[in-house]
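Inspection log for the structure reproduced underneath, given as structure tokens.
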Amino acid sequence: MKNRLQKVVITGGAGFIGSNLISHLYENGTDEILIIDDFSTGSRKNIDHFNNLKIIDSRIEDIADLESKLEGYDFCFHLAAGVGVKYIMDNVSKALNTNIQATHKIFNACSQMNVPILITSTSEVYGVSNDPVWTEESKSLLGPPTKLRWSYATSKLIDEFMALAEFNDGNLNPIIVRLFNIIGSNQSSEFGMVVPKFVEAALENRDIIIHGSGDQTRSFTWVGDVVNYFRELALLKPYGEIFNIGQPEEVSIKNLAELVIKKSNSSSKIKFISHEEEYGKAFEDPMRRTPGIDKIVSLTGIRPSKKLEEMIEEIIEFKKQH
Ligand SMILES: NC(=O)c1ccc[n+]([C@@H]2O[C@H](COP(=O)([O-])OP(=O)(O)OC[C@H]3O[C@@H](n4cnc5c(N)ncnc54)[C@H](O)[C@@H]3O)[C@@H](O)[C@H]2O)c1
């Protein structure tokens with residue numbers, strides 16, 4: 001039976017998705033939100049406008065007695081992670097440690113305090129799988145550890161295994177979501193996210209830089225849809241389950257750049273550089289990434305609400321004003 005999420009913890013609440021989740025929860029009747037964030041990639045300006053937030057400004061790993069901080073909360077959304085291709089490649093060890101150690105620590109605390117948890121995994125866990133559409137049962141095809149970009153996917157898979165093992169042992173109530181390229185107005189370009197980088201370049205009439213041939217395709221999902229799914233899942237309680245969250249509409253990175261240029265009336269030119277030039281030899285990238293979303297749509301009855309063009313228009317408008 002559905003009820004309200006009254007008191008909620010969000011790790012990584014000062015980040016892009018976390019700050020959108022805070023708005024969504026307040027709009028839907030949540031009374032109290034505690035965020036845990038070290039502001040490594042998150043920012044004060046994402047959360048300044050919320051005046052009744054409780055904030056623990058720390059790495060999760062460094063919090064003594066984390067259990068007691070969770071006392072009385074109904075649910076935990078665990079979003080804190082080292083994230084973003086550029087950030088990962090620049091901070092491989094730090095990101096790995098956060099994604100494994102911080103997650104392990106929050107699992108222990110949630111388990112002891114009996115707080116259910118939603119963890120944010122990633123489409124990266126499918127690696128370079130050749131399945132035309134990736135469903136939750138698709139096999140992962142990760143590259144070797146010498147290609148360091150796979151460290152992110154591996155750490156998130158370990159999180160998934162830890163969550164399901166604890167669930168299996170009756171210790172934890174986890175819900176796992178695998179997110180596929182989420183975009184929205186307040187996403188930062190600083191850590192290598194493709195859409196804000198292209199939009200900012202286009203608005204300043206700078207060259208738009210594509211890594212690789214530009215033929216690789218991605219599918220982009222609106223952050224408002226994502227946080228809507230998060231809340232629904234927390235209320236529906238499908239513990240021990242994995243869900244893709246994404247939008248099946250595919251676009252090549254070259255067509256994305258052209259769309260951004262058109263929608264922003266920009267005179268930017270498209271330039272191509274190899275992945276190796278940008279990230280060195282330790283990099284490889286999947287050619288396609290298309291989510292199968294039947295599972296989450298049939299559970300929640302909700303479909304992604306926005307087409308790519310609308311998302312790009314909304315992001316351009318926001319960036320023009322900020
Ligand atoms: N944005 C996407 O397209 C996408 C895709 C797949 C998965 N995800 C996952 O969704 C989650 C949120 O991503 P986002 O895009 O909002 O990224 P983000 O970088 O904006 O948010 C992450 C937040 O976690 C905080 N943080 C990092 N390490 C921490 C630590 N050790 N202790 C406390 N706080 C810490 C950061 O300061 C930041 O506020 C991440 O787990 C990410 O892996 C995002």
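Convention: chains lettered A, B, ... in structure tokens order; per-chain residue numbering from 1; ligands numbered from 1 as shown.
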Residue neighbourhood region 3-20 of chain A, 9 Å, only C-alpha atoms, exclusion window fewer than 3 positions, as a PyMOL selection string: chain A and resi 23-25+28-39+41-47+55+60+70+72-81+182-184+186-188+223-224+226-227+231+234-235
Can you pull out every residue within 8 Å of region 94-104 of chain A, counting only C-alpha atoms, but drop anything in the same chain fewer than 2 positions away, and send it as a PDB file with N, CA and C atoms, in the first residue's frame?
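Final output, saved to part04.pdb:
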```pdb
ATOM      1  N   ARG A  59      32.544  13.500   3.969  1.00  0.00           N
ATOM      2  CA  ARG A  59      32.555  12.234   3.236  1.00  0.00           C
ATOM      3  C   ARG A  59      31.811  11.210   4.091  1.00  0.00           C
ATOM      4  N   ILE A  60      31.041  10.361   3.453  1.00  0.00           N
ATOM      5  CA  ILE A  60      30.335   9.306   4.195  1.00  0.00           C
ATOM      6  C   ILE A  60      31.346   8.478   4.997  1.00  0.00           C
ATOM      7  N   GLU A  61      32.489   8.201   4.346  1.00  0.00           N
ATOM      8  CA  GLU A  61      33.512   7.337   4.956  1.00  0.00           C
ATOM      9  C   GLU A  61      33.994   7.885   6.291  1.00  0.00           C
ATOM     10  N   HIS A  78      20.710   6.659  -1.918  1.00  0.00           N
ATOM     11  CA  HIS A  78      22.181   6.722  -1.896  1.00  0.00           C
ATOM     12  C   HIS A  78      22.702   7.126  -3.280  1.00  0.00           C
ATOM     13  N   ALA A  80      25.584   9.425  -3.473  1.00  0.00           N
ATOM     14  CA  ALA A  80      26.979   9.876  -3.398  1.00  0.00           C
ATOM     15  C   ALA A  80      27.879   8.896  -4.128  1.00  0.00           C
ATOM     16  N   ALA A  81      28.717   9.420  -5.003  1.00  0.00           N
ATOM     17  CA  ALA A  81      29.646   8.561  -5.752  1.00  0.00           C
ATOM     18  C   ALA A  81      30.629   9.449  -6.491  1.00  0.00           C
ATOM     19  N   GLY A  82      31.751   8.852  -6.868  1.00  0.00           N
ATOM     20  CA  GLY A  82      32.613   9.500  -7.847  1.00  0.00           C
ATOM     21  C   GLY A  82      31.972   9.243  -9.194  1.00  0.00           C
ATOM     22  N   VAL A  83      31.640  10.289  -9.944  1.00  0.00           N
ATOM     23  CA  VAL A  83      30.819  10.104 -11.143  1.00  0.00           C
ATOM     24  C   VAL A  83      31.263  11.053 -12.261  1.00  0.00           C
ATOM     25  N   ILE A  88      36.143  10.507 -13.214  1.00  0.00           N
ATOM     26  CA  ILE A  88      36.654   9.156 -12.936  1.00  0.00           C
ATOM     27  C   ILE A  88      38.089   9.004 -13.459  1.00  0.00           C
ATOM     28  N   ASN A  91      40.443  10.832 -11.240  1.00  0.00           N
ATOM     29  CA  ASN A  91      40.451  10.453  -9.808  1.00  0.00           C
ATOM     30  C   ASN A  91      40.116   8.980  -9.629  1.00  0.00           C
ATOM     31  N   VAL A  92      40.821   8.105 -10.346  1.00  0.00           N
ATOM     32  CA  VAL A  92      40.406   6.700 -10.366  1.00  0.00           C
ATOM     33  C   VAL A  92      40.346   6.104  -8.961  1.00  0.00           C
ATOM     34  N   ILE A 106      27.296   2.813   4.225  1.00  0.00           N
ATOM     35  CA  ILE A 106      25.877   3.223   4.298  1.00  0.00           C
ATOM     36  C   ILE A 106      24.984   1.969   4.341  1.00  0.00           C
ATOM     37  N   PHE A 107      25.390   0.907   3.657  1.00  0.00           N
ATOM     38  CA  PHE A 107      24.622  -0.348   3.744  1.00  0.00           C
ATOM     39  C   PHE A 107      24.585  -0.851   5.191  1.00  0.00           C
ATOM     40  N   ASN A 108      25.751  -0.841   5.853  1.00  0.00           N
ATOM     41  CA  ASN A 108      25.798  -1.316   7.236  1.00  0.00           C
ATOM     42  C   ASN A 108      24.883  -0.502   8.131  1.00  0.00           C
ATOM     43  N   SER A 151      36.687   0.901 -14.275  1.00  0.00           N
ATOM     44  CA  SER A 151      36.702   0.870 -12.806  1.00  0.00           C
ATOM     45  C   SER A 151      35.371   1.374 -12.244  1.00  0.00           C
ATOM     46  N   TYR A 152      34.782   2.359 -12.895  1.00  0.00           N
ATOM     47  CA  TYR A 152      33.503   2.911 -12.427  1.00  0.00           C
ATOM     48  C   TYR A 152      32.410   1.841 -12.505  1.00  0.00           C
ATOM     49  N   SER A 155      32.998  -0.878  -9.908  1.00  0.00           N
ATOM     50  CA  SER A 155      32.667  -0.485  -8.525  1.00  0.00           C
ATOM     51  C   SER A 155      31.148  -0.476  -8.324  1.00  0.00           C
ATOM     52  N   LYS A 156      30.421  -0.049  -9.340  1.00  0.00           N
ATOM     53  CA  LYS A 156      28.958  -0.024  -9.211  1.00  0.00           C
ATOM     54  C   LYS A 156      28.392  -1.447  -9.213  1.00  0.00           C
ATOM     55  N   ILE A 158      29.977  -4.018  -7.991  1.00  0.00           N
ATOM     56  CA  ILE A 158      30.257  -4.518  -6.635  1.00  0.00           C
ATOM     57  C   ILE A 158      29.171  -4.016  -5.680  1.00  0.00           C
ATOM     58  N   ASP A 159      28.787  -2.736  -5.809  1.00  0.00           N
ATOM     59  CA  ASP A 159      27.693  -2.195  -4.973  1.00  0.00           C
ATOM     60  C   ASP A 159      26.424  -3.032  -5.143  1.00  0.00           C
ATOM     61  N   MET A 162      26.877  -6.356  -3.415  1.00  0.00           N
ATOM     62  CA  MET A 162      26.802  -6.205  -1.945  1.00  0.00           C
ATOM     63  C   MET A 162      25.344  -6.049  -1.526  1.00  0.00           C
TER      64      MET A 162
END
```
Among the residues A:Glu314, A:Asp48, A:Glu284, A:Asp62, the one that comes closest to ligand 1 [using only C-alpha atoms and all ligand atoms]: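 Result for the nearest residue to ligand 1: A:Asp62.
In this comparison, which uses only C-alpha atoms and all ligand atoms, the residue of A:Arg206, A:His49, A:Lys105, A:Lys295 approaching ligand 1 most closely is A:Lys105.
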Report the residues of region 69-245 of chain A whose backbone DSSP state falls under strand (DSSP E), written as a JSON list (two decimals) with C-alpha atoms, in the first residue's frame.
```
[["chain", "number", "residue", "atom", "x", "y", "z"],
["A", 75, "PHE", "CA", 14.18, 5.86, 3.56],
["A", 76, "CYS", "CA", 17.69, 6.51, 2.21],
["A", 77, "PHE", "CA", 18.48, 7.47, -1.39],
["A", 78, "HIS", "CA", 22.18, 6.72, -1.90],
["A", 117, "ILE", "CA", 17.78, 2.14, 0.54],
["A", 118, "LEU", "CA", 17.72, 2.96, -3.17],
["A", 119, "ILE", "CA", 21.15, 2.77, -4.80],
["A", 120, "THR", "CA", 22.06, 4.48, -8.03],
["A", 121, "SER", "CA", 23.97, 2.17, -10.34],
["A", 122, "THR", "CA", 24.64, 2.88, -13.98],
["A", 174, "PRO", "CA", 17.70, -2.38, -1.28],
["A", 175, "ILE", "CA", 16.27, -1.18, -4.60],
["A", 176, "ILE", "CA", 18.83, -0.88, -7.40],
["A", 177, "VAL", "CA", 18.43, 1.50, -10.32],
["A", 178, "ARG", "CA", 20.68, 1.62, -13.36],
["A", 179, "LEU", "CA", 20.63, 5.13, -14.78],
["A", 182, "ILE", "CA", 20.55, 11.65, -17.16],
["A", 183, "ILE", "CA", 20.30, 15.30, -18.16],
["A", 208, "ILE", "CA", 32.03, 21.60, -30.03],
["A", 209, "ILE", "CA", 34.49, 18.79, -29.40],
["A", 210, "ILE", "CA", 33.38, 15.22, -30.08],
["A", 211, "HIS", "CA", 35.45, 12.34, -28.72],
["A", 217, "THR", "CA", 24.71, 6.58, -29.90],
["A", 218, "ARG", "CA", 23.30, 7.42, -26.48],
["A", 221, "THR", "CA", 16.65, 10.90, -19.86],
["A", 222, "TRP", "CA", 15.15, 13.92, -18.13],
["A", 241, "GLU", "CA", 15.05, -5.81, -7.61],
["A", 242, "ILE", "CA", 17.06, -4.04, -10.33],
["A", 243, "PHE", "CA", 15.49, -1.47, -12.69],
["A", 244, "ASN", "CA", 16.82, 0.33, -15.75],
["A", 245, "ILE", "CA", 15.81, 3.99, -15.81]]
```
Near-Leu141 (chain A) list (6 Å; only C-alpha atoms; drop same-chain fewer than 5 positions) as a list in words: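 Residues meeting the cut-off are Tyr126, Gly127, Val128 and Ser129 of chain A.
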